[in-house]
Amino acid sequence: MTNTTHAPFHADLVGSLLRPATLKQANADLAAGRIDAAAALAVQHSEIKRVVDSQVALGFKAVTDGEFSRQYWHLDFLWGLTGVDPVLHATYDKNFEGDIAPVDNAQLTGPVGYNPDHPFFAAFSYLNSIVPDGVLAKQTIPTPSLLLRDHRSDNWADFYPTPEAFEDAIIAAYVQTIQHFYDLGCRYLQIDDTNWAYLIHNLRQTENDPAAAQPFVTLAERAHRLLAGILAQVPADLTVTSHICRGNFQSTYLFTGGYEYVAEYLKDLPYDGLFLEYDNPRSGSFAPLKTIWNGDANKTLVLGVITSKFPDLEAPAQITHRLDEAQVDIPLANLALSTQCGFASTQEGNKLTEAQQWAKLQLVQSIAQSVWG
């Protein structure tokens with residue numbers, strides 16, 4: 001029977017949704033000074049209410065605000081911490097497929113810490129106020145290890161005596177932030193984590209060169225320490241999942257490789273569920289699932305075998321066949337279904353229409369119903 005009692009659900013969704021034209025226009029008008037913040041927020045809230053109602057109508061038991069209150073899936077959250085500021089028009093070491101460059105970044109400008117006025121708290125409070133009874137408001141935040149990458153904290157030594165002291169400060173900031181979400185009523189939190197895909201990509205490329213691989217091994221160990229330290233301190237009745245993504249900017253991607261390169265780091269992290277991208281051959285085989293699941297009867301692996309990058313609908317038989325393949329090693333009760341990612345990791349969104357987005361989510365629901373009942 002379909003899991004409708006606790007998260008993650010057999011039919012679940014990752015988070016972001018395509019920004020409607022009305023919201024994009026309101027954001028542009030606010031930036032240009034044509035409307036004030038209150039008017040822009042009114043548009044945002046109206047559109048969030050609309051997409052929440054649509055998710056509920058499709059049968060989802062956990063819904064998101066589509067990330068309509070932010071520009072980026074990750075940077076807005078990092079910018080909201082104390083000691084982290086924006087870097088506009090930044091240069092990255094790697095562009096997306098098609099040589100599409102990321103735009104902005106973050107930088108460490110002081111000791112990193114919990115911000116009681118983080119804008120995500122108000123956004124969650126609004127979302128939680130409009131979900132109906134029996135439906136969870138799902139909050140997404142980026143992985144803390146993003147602060148260790150892409151030149152965001154090259155100057156950490158200006159503020160901390162050791163790398164471990166810096167990591168402890170990140171852990172504390174996240175623990176306090178998650179506790180605040182919990183106090184506001186959050187019971188379903190997802191940590192979006194492209195860092196593991198970054199490591200998959202680079203460990204794969206350096207697997208025959210231990211010296212070249214060492215920086216990535218070290219980063220994997222640090223990422224594991226951060227996550228383990230945070231997860232050990234979250235409230236017992238807070239469902240925490242993670243979504244591992246290989247990049248999702250305007251229907252493009254960043255990274256390639258299978259989960260075997262990071263499975264050993266993932267297997268003992270006490271997540272309630274892992275959303276795993278599996279919509280094309282770049283993601284590798286299901287072979288690492290057994291290691292990642294690690295025999296944990298309380299852990300659900302949410303297979304993202306339906307793409308959110310392109311509009312064509314997958315054949316249900318194709319998806320059920322893939323679920324059959326996965327349950328060779330994982331009990332069907334511990335599997336679930338979602339799209340491989342959200343639909344708009346940034347405000348630009350993927351290359352499909354809103355109607356096609358809802359059709360994808362309807363497909364998730366219909367297949368889950370046929371598989372789990």
# chains A, B, ... in the order shown; residues from 1 in each chain; ligands from 1

$ residues_around --residues "Gln176 of chain A" --least-positions-apart "4" --cutoff "12 Å" --atoms "only C-alpha atoms" --output "PyMOL selection string"
chain A and resi 81+113-116+118+169-172+180-183+230-231+233-235

$ select_by_dssp --residues "segment 220-311 of chain A" --states "strand (DSSP E or B)" --output "JSON, numbers by chain"
{"A": [239, 240, 241, 242, 243, 244, 273, 274, 275, 276, 277, 300, 301, 302, 303, 304, 305, 306]}

$ write_last_selection --atoms "N, CA and C atoms" --output "mmCIF file, in the first residue's frame"
data_model
loop_
_atom_site.group_PDB
_atom_site.id
_atom_site.type_symbol
_atom_site.label_atom_id
_atom_site.label_comp_id
_atom_site.auth_asym_id
_atom_site.auth_seq_id
_atom_site.Cartn_x
_atom_site.Cartn_y
_atom_site.Cartn_z
ATOM 1 N N THR A 239 11.675 14.430 10.236
ATOM 2 C CA THR A 239 12.126 13.641 9.091
ATOM 3 C C THR A 239 13.152 14.455 8.314
ATOM 4 N N VAL A 240 14.330 13.879 8.103
ATOM 5 C CA VAL A 240 15.379 14.558 7.336
ATOM 6 C C VAL A 240 15.787 13.656 6.180
ATOM 7 N N THR A 241 15.690 14.186 4.983
ATOM 8 C CA THR A 241 16.124 13.475 3.788
ATOM 9 C C THR A 241 17.207 14.293 3.093
ATOM 10 N N SER A 242 17.781 13.703 2.059
ATOM 11 C CA SER A 242 18.753 14.432 1.241
ATOM 12 C C SER A 242 18.486 14.123 -0.217
ATOM 13 N N HIS A 243 18.667 15.132 -1.043
ATOM 14 C CA HIS A 243 18.546 14.968 -2.494
ATOM 15 C C HIS A 243 19.921 15.160 -3.109
ATOM 16 N N ILE A 244 20.388 14.147 -3.834
ATOM 17 C CA ILE A 244 21.705 14.201 -4.464
ATOM 18 C C ILE A 244 21.510 14.437 -5.955
ATOM 19 N N GLY A 273 15.604 9.309 4.400
ATOM 20 C CA GLY A 273 15.460 8.992 2.993
ATOM 21 C C GLY A 273 16.491 9.703 2.152
ATOM 22 N N LEU A 274 16.770 9.140 0.994
ATOM 23 C CA LEU A 274 17.687 9.741 0.035
ATOM 24 C C LEU A 274 17.002 9.803 -1.317
ATOM 25 N N PHE A 275 16.928 11.003 -1.876
ATOM 26 C CA PHE A 275 16.411 11.206 -3.226
ATOM 27 C C PHE A 275 17.590 11.080 -4.181
ATOM 28 N N LEU A 276 17.560 10.065 -5.032
ATOM 29 C CA LEU A 276 18.703 9.736 -5.874
ATOM 30 C C LEU A 276 18.352 9.927 -7.347
ATOM 31 N N GLU A 277 19.162 10.706 -8.025
ATOM 32 C CA GLU A 277 18.949 11.007 -9.439
ATOM 33 C C GLU A 277 19.303 9.796 -10.282
ATOM 34 N N THR A 300 14.348 5.151 3.382
ATOM 35 C CA THR A 300 13.699 5.022 2.083
ATOM 36 C C THR A 300 14.590 5.608 1.000
ATOM 37 N N LEU A 301 14.749 4.877 -0.083
ATOM 38 C CA LEU A 301 15.472 5.386 -1.242
ATOM 39 C C LEU A 301 14.448 5.831 -2.277
ATOM 40 N N VAL A 302 14.435 7.130 -2.550
ATOM 41 C CA VAL A 302 13.470 7.722 -3.474
ATOM 42 C C VAL A 302 14.149 7.822 -4.837
ATOM 43 N N LEU A 303 13.701 7.028 -5.772
ATOM 44 C CA LEU A 303 14.376 6.928 -7.064
ATOM 45 C C LEU A 303 13.832 7.957 -8.039
ATOM 46 N N GLY A 304 14.719 8.839 -8.478
ATOM 47 C CA GLY A 304 14.346 9.882 -9.428
ATOM 48 C C GLY A 304 14.516 9.397 -10.846
ATOM 49 N N VAL A 305 13.646 8.477 -11.267
ATOM 50 C CA VAL A 305 13.769 7.870 -12.590
ATOM 51 C C VAL A 305 12.895 8.577 -13.626
ATOM 52 N N ILE A 306 12.194 9.620 -13.210
ATOM 53 C CA ILE A 306 11.401 10.446 -14.123
ATOM 54 C C ILE A 306 12.084 11.804 -14.224
#

$ residues_around --residues "Asp154 of chain A" --least-positions-apart "3" --cutoff "12 Å" --atoms "only C-alpha atoms" --output "short mmCIF file (atom, residue, chain, number, x, y, z; two decimals) with N, CA and C atoms, in the first residue's frame"
data_model
loop_
_atom_site.label_atom_id
_atom_site.label_comp_id
_atom_site.auth_asym_id
_atom_site.auth_seq_id
_atom_site.Cartn_x
_atom_site.Cartn_y
_atom_site.Cartn_z
N ALA A 106 28.85 33.02 -3.16
CA ALA A 106 28.85 33.49 -1.78
C ALA A 106 30.29 33.54 -1.30
N GLN A 107 30.53 34.37 -0.29
CA GLN A 107 31.87 34.47 0.28
C GLN A 107 31.77 34.64 1.79
N LEU A 108 32.80 34.13 2.46
CA LEU A 108 32.89 34.26 3.91
C LEU A 108 33.42 35.65 4.25
N THR A 109 32.65 36.42 5.02
CA THR A 109 33.07 37.77 5.39
C THR A 109 33.18 37.93 6.90
N LEU A 147 29.76 25.29 1.61
CA LEU A 147 30.61 26.35 2.14
C LEU A 147 32.09 26.02 2.04
N LEU A 148 32.41 24.75 1.77
CA LEU A 148 33.80 24.34 1.67
C LEU A 148 34.33 24.38 0.24
N ARG A 149 33.46 24.74 -0.71
CA ARG A 149 33.79 24.61 -2.13
C ARG A 149 33.64 25.93 -2.87
N ASP A 150 34.13 25.89 -4.12
CA ASP A 150 33.90 26.98 -5.08
C ASP A 150 34.34 28.34 -4.55
N HIS A 151 35.44 28.34 -3.79
CA HIS A 151 36.09 29.57 -3.31
C HIS A 151 35.23 30.35 -2.31
N ALA A 157 40.77 30.93 7.25
CA ALA A 157 41.81 31.12 8.27
C ALA A 157 41.81 32.54 8.83
N ASP A 158 41.12 33.47 8.17
CA ASP A 158 40.99 34.82 8.72
C ASP A 158 40.09 34.84 9.96
N PHE A 159 39.28 33.79 10.12
CA PHE A 159 38.28 33.79 11.18
C PHE A 159 38.38 32.60 12.14
N TYR A 160 39.15 31.56 11.75
CA TYR A 160 39.21 30.34 12.57
C TYR A 160 40.65 29.83 12.66
N PRO A 163 40.79 24.18 10.50
CA PRO A 163 39.63 23.77 9.69
C PRO A 163 38.52 23.16 10.55
N PHE A 166 36.32 25.78 12.02
CA PHE A 166 35.41 26.29 11.00
C PHE A 166 34.24 25.32 10.80
#

$ select_by_dssp --residues "segment 136-214 of chain A" --states "alpha helix (DSSP H)" --output "number ranges by chain"
A: 163-183, 195-205, 210-214

$ write_last_selection --atoms "C-alpha atoms" --output "compact mmCIF listing (two decimals), in the first residue's frame"
# COMPACT_ATOMS: atom_id res chain seq x y z
CA PRO A 163 39.63 23.77 9.69
CA GLU A 164 37.92 21.80 12.46
CA ALA A 165 36.92 25.00 14.24
CA PHE A 166 35.41 26.29 11.00
CA GLU A 167 33.50 23.04 10.53
CA ASP A 168 32.23 23.15 14.11
CA ALA A 169 30.86 26.64 13.49
CA ILE A 170 29.04 25.44 10.36
CA ILE A 171 27.56 22.51 12.29
CA ALA A 172 26.36 24.83 15.05
CA ALA A 173 24.82 27.27 12.55
CA TYR A 174 22.92 24.48 10.82
CA VAL A 175 21.77 22.81 14.03
CA GLN A 176 20.37 26.08 15.37
CA THR A 177 18.76 26.89 12.02
CA ILE A 178 17.12 23.48 11.77
CA GLN A 179 15.89 23.78 15.35
CA HIS A 180 14.28 27.12 14.48
CA PHE A 181 12.48 25.52 11.53
CA TYR A 182 11.33 22.78 13.89
CA ASP A 183 10.07 25.30 16.42
CA ASN A 195 28.46 18.12 -3.36
CA TRP A 196 28.29 14.32 -3.52
CA ALA A 197 27.79 14.56 -7.30
CA TYR A 198 30.78 16.91 -7.51
CA LEU A 199 32.79 14.29 -5.63
CA ILE A 200 31.44 11.44 -7.77
CA HIS A 201 32.58 13.31 -10.87
CA ASN A 202 36.04 14.08 -9.58
CA LEU A 203 36.72 10.78 -7.80
CA ARG A 204 35.76 9.03 -11.01
CA GLN A 205 38.18 11.14 -13.01
CA PRO A 210 45.68 8.57 -5.70
CA ALA A 211 47.57 11.84 -5.38
CA ALA A 212 45.11 13.67 -7.62
CA ALA A 213 42.18 12.04 -5.82
CA GLN A 214 43.33 13.00 -2.32

$ closest_residue --among "A:Arg187, A:Lys49, A:Lys360, A:Arg225" --to "Leu127 of chain A" --atoms "only C-alpha atoms"
A:Lys49

$ closest_residue --among "A:Arg70, A:His6, A:His224, A:Arg34" --to "Val135 of chain A" --atoms "only C-alpha atoms"
A:His6

$ atom_distance --atom1 "atom CA of Leu226 of chain A" --atom2 "atom CA of Val262 of chain A"
15.2 Å

$ residues_around --residues "Thr353 of chain A" --least-positions-apart "6" --cutoff "10 Å" --atoms "only C-alpha atoms" --output "PyMOL selection string"
chain A and resi 18+20+310-311+343+359

$ residues_around --residues "Ala62 of chain A" --least-positions-apart "2" --cutoff "7 Å" --atoms "only C-alpha atoms" --output "JSON, numbers by chain"
{"A": [60, 135, 136, 137, 138]}

$ atom_distance --atom1 "atom CA of Asn105 of chain A" --atom2 "atom CA of Leu78 of chain A"
9.4 Å

$ residues_around --residues "Ala336 of chain A" --least-positions-apart "4" --cutoff "12 Å" --atoms "only C-alpha atoms" --output "compact mmCIF listing (two decimals) with N, CA and C atoms, in the first residue's frame"
# COMPACT_ATOMS: atom_id res chain seq x y z
N MET A 1 0.85 -1.20 0.00
CA MET A 1 0.00 0.00 0.00
C MET A 1 0.88 1.23 0.00
N THR A 2 0.46 2.25 -0.73
CA THR A 2 1.24 3.49 -0.80
C THR A 2 1.41 4.09 0.58
N ASN A 3 2.63 4.49 0.88
CA ASN A 3 2.92 5.11 2.16
C ASN A 3 2.34 6.52 2.19
N THR A 4 1.29 6.70 2.99
CA THR A 4 0.67 8.02 3.15
C THR A 4 0.70 8.47 4.60
N ALA A 7 6.84 10.61 6.01
CA ALA A 7 7.77 11.00 4.95
C ALA A 7 9.07 10.22 5.08
N PRO A 8 9.79 10.04 3.94
CA PRO A 8 9.34 10.36 2.59
C PRO A 8 8.26 9.40 2.12
N PHE A 9 7.38 9.90 1.28
CA PHE A 9 6.24 9.15 0.83
C PHE A 9 6.58 8.39 -0.45
N HIS A 10 5.80 7.33 -0.75
CA HIS A 10 6.09 6.55 -1.97
C HIS A 10 5.97 7.41 -3.22
N ALA A 11 5.11 8.40 -3.19
CA ALA A 11 5.06 9.42 -4.25
C ALA A 11 5.48 10.73 -3.60
N ASP A 12 6.65 11.23 -3.96
CA ASP A 12 7.18 12.43 -3.31
C ASP A 12 7.73 13.36 -4.37
N LEU A 13 8.05 14.57 -3.96
CA LEU A 13 8.61 15.52 -4.92
C LEU A 13 9.82 16.21 -4.31
N VAL A 14 10.69 16.68 -5.19
CA VAL A 14 11.99 17.17 -4.74
C VAL A 14 11.89 18.57 -4.13
N GLY A 273 15.60 9.31 4.40
CA GLY A 273 15.46 8.99 2.99
C GLY A 273 16.49 9.70 2.15
N LEU A 274 16.77 9.14 0.99
CA LEU A 274 17.69 9.74 0.03
C LEU A 274 17.00 9.80 -1.32
N PHE A 275 16.93 11.00 -1.88
CA PHE A 275 16.41 11.21 -3.23
C PHE A 275 17.59 11.08 -4.18
N LEU A 276 17.56 10.06 -5.03
CA LEU A 276 18.70 9.74 -5.87
C LEU A 276 18.35 9.93 -7.35
N LYS A 299 15.04 3.51 6.41
CA LYS A 299 15.52 4.42 5.36
C LYS A 299 14.82 4.11 4.04
N THR A 300 14.35 5.15 3.38
CA THR A 300 13.70 5.02 2.08
C THR A 300 14.59 5.61 1.00
N LEU A 301 14.75 4.88 -0.08
CA LEU A 301 15.47 5.39 -1.24
C LEU A 301 14.45 5.83 -2.28
N VAL A 302 14.44 7.13 -2.55
CA VAL A 302 13.47 7.72 -3.47
C VAL A 302 14.15 7.82 -4.84
N LEU A 303 13.70 7.03 -5.77
CA LEU A 303 14.38 6.93 -7.06
C LEU A 303 13.83 7.96 -8.04
N GLY A 304 14.72 8.84 -8.48
CA GLY A 304 14.35 9.88 -9.43
C GLY A 304 14.52 9.40 -10.85
N VAL A 305 13.65 8.48 -11.27
CA VAL A 305 13.77 7.87 -12.59
C VAL A 305 12.89 8.58 -13.63
N ILE A 306 12.19 9.62 -13.21
CA ILE A 306 11.40 10.45 -14.12
C ILE A 306 12.08 11.80 -14.22
N ILE A 319 9.11 2.78 -16.20
CA ILE A 319 9.40 3.15 -14.81
C ILE A 319 9.18 1.97 -13.88
N THR A 320 8.10 1.24 -14.06
CA THR A 320 7.86 0.09 -13.18
C THR A 320 8.93 -0.98 -13.37
N ARG A 322 12.05 -0.34 -13.96
CA ARG A 322 13.22 0.13 -13.20
C ARG A 322 13.01 -0.10 -11.70
N LEU A 323 11.81 0.10 -11.22
CA LEU A 323 11.52 -0.19 -9.82
C LEU A 323 11.69 -1.68 -9.54
N ASP A 324 11.30 -2.53 -10.48
CA ASP A 324 11.51 -3.98 -10.33
C ASP A 324 13.00 -4.28 -10.22
N ALA A 326 15.33 -2.30 -9.06
CA ALA A 326 15.85 -1.81 -7.79
C ALA A 326 15.48 -2.72 -6.63
N GLN A 327 14.30 -3.34 -6.68
CA GLN A 327 13.88 -4.13 -5.54
C GLN A 327 14.51 -5.53 -5.50
N ILE A 330 16.66 -3.98 -2.68
CA ILE A 330 15.99 -3.13 -1.68
C ILE A 330 14.52 -3.52 -1.62
N PRO A 331 13.96 -3.77 -0.44
CA PRO A 331 12.54 -4.09 -0.35
C PRO A 331 11.69 -2.98 -0.97
N LEU A 332 10.62 -3.37 -1.64
CA LEU A 332 9.75 -2.39 -2.28
C LEU A 332 9.23 -1.37 -1.28
N GLN A 340 13.66 13.33 -11.00
CA GLN A 340 15.09 13.27 -10.66
C GLN A 340 15.53 14.52 -9.91
N VAL A 364 4.22 10.70 -11.57
CA VAL A 364 4.77 10.15 -10.32
C VAL A 364 3.65 9.55 -9.49
N GLN A 365 2.57 10.28 -9.33
CA GLN A 365 1.46 9.82 -8.50
C GLN A 365 0.80 8.57 -9.09
N ILE A 367 1.95 6.28 -11.16
CA ILE A 367 2.79 5.08 -11.11
C ILE A 367 2.92 4.57 -9.68
N ALA A 368 3.10 5.50 -8.73
CA ALA A 368 3.19 5.09 -7.33
C ALA A 368 1.93 4.35 -6.90
N GLN A 369 0.78 4.86 -7.33
CA GLN A 369 -0.48 4.22 -6.98
C GLN A 369 -0.55 2.81 -7.55
N VAL A 371 1.99 0.86 -8.28
CA VAL A 371 3.04 -0.01 -7.71
C VAL A 371 2.76 -0.34 -6.26
N TRP A 372 2.41 0.67 -5.48
CA TRP A 372 2.25 0.46 -4.03
C TRP A 372 0.78 0.34 -3.60
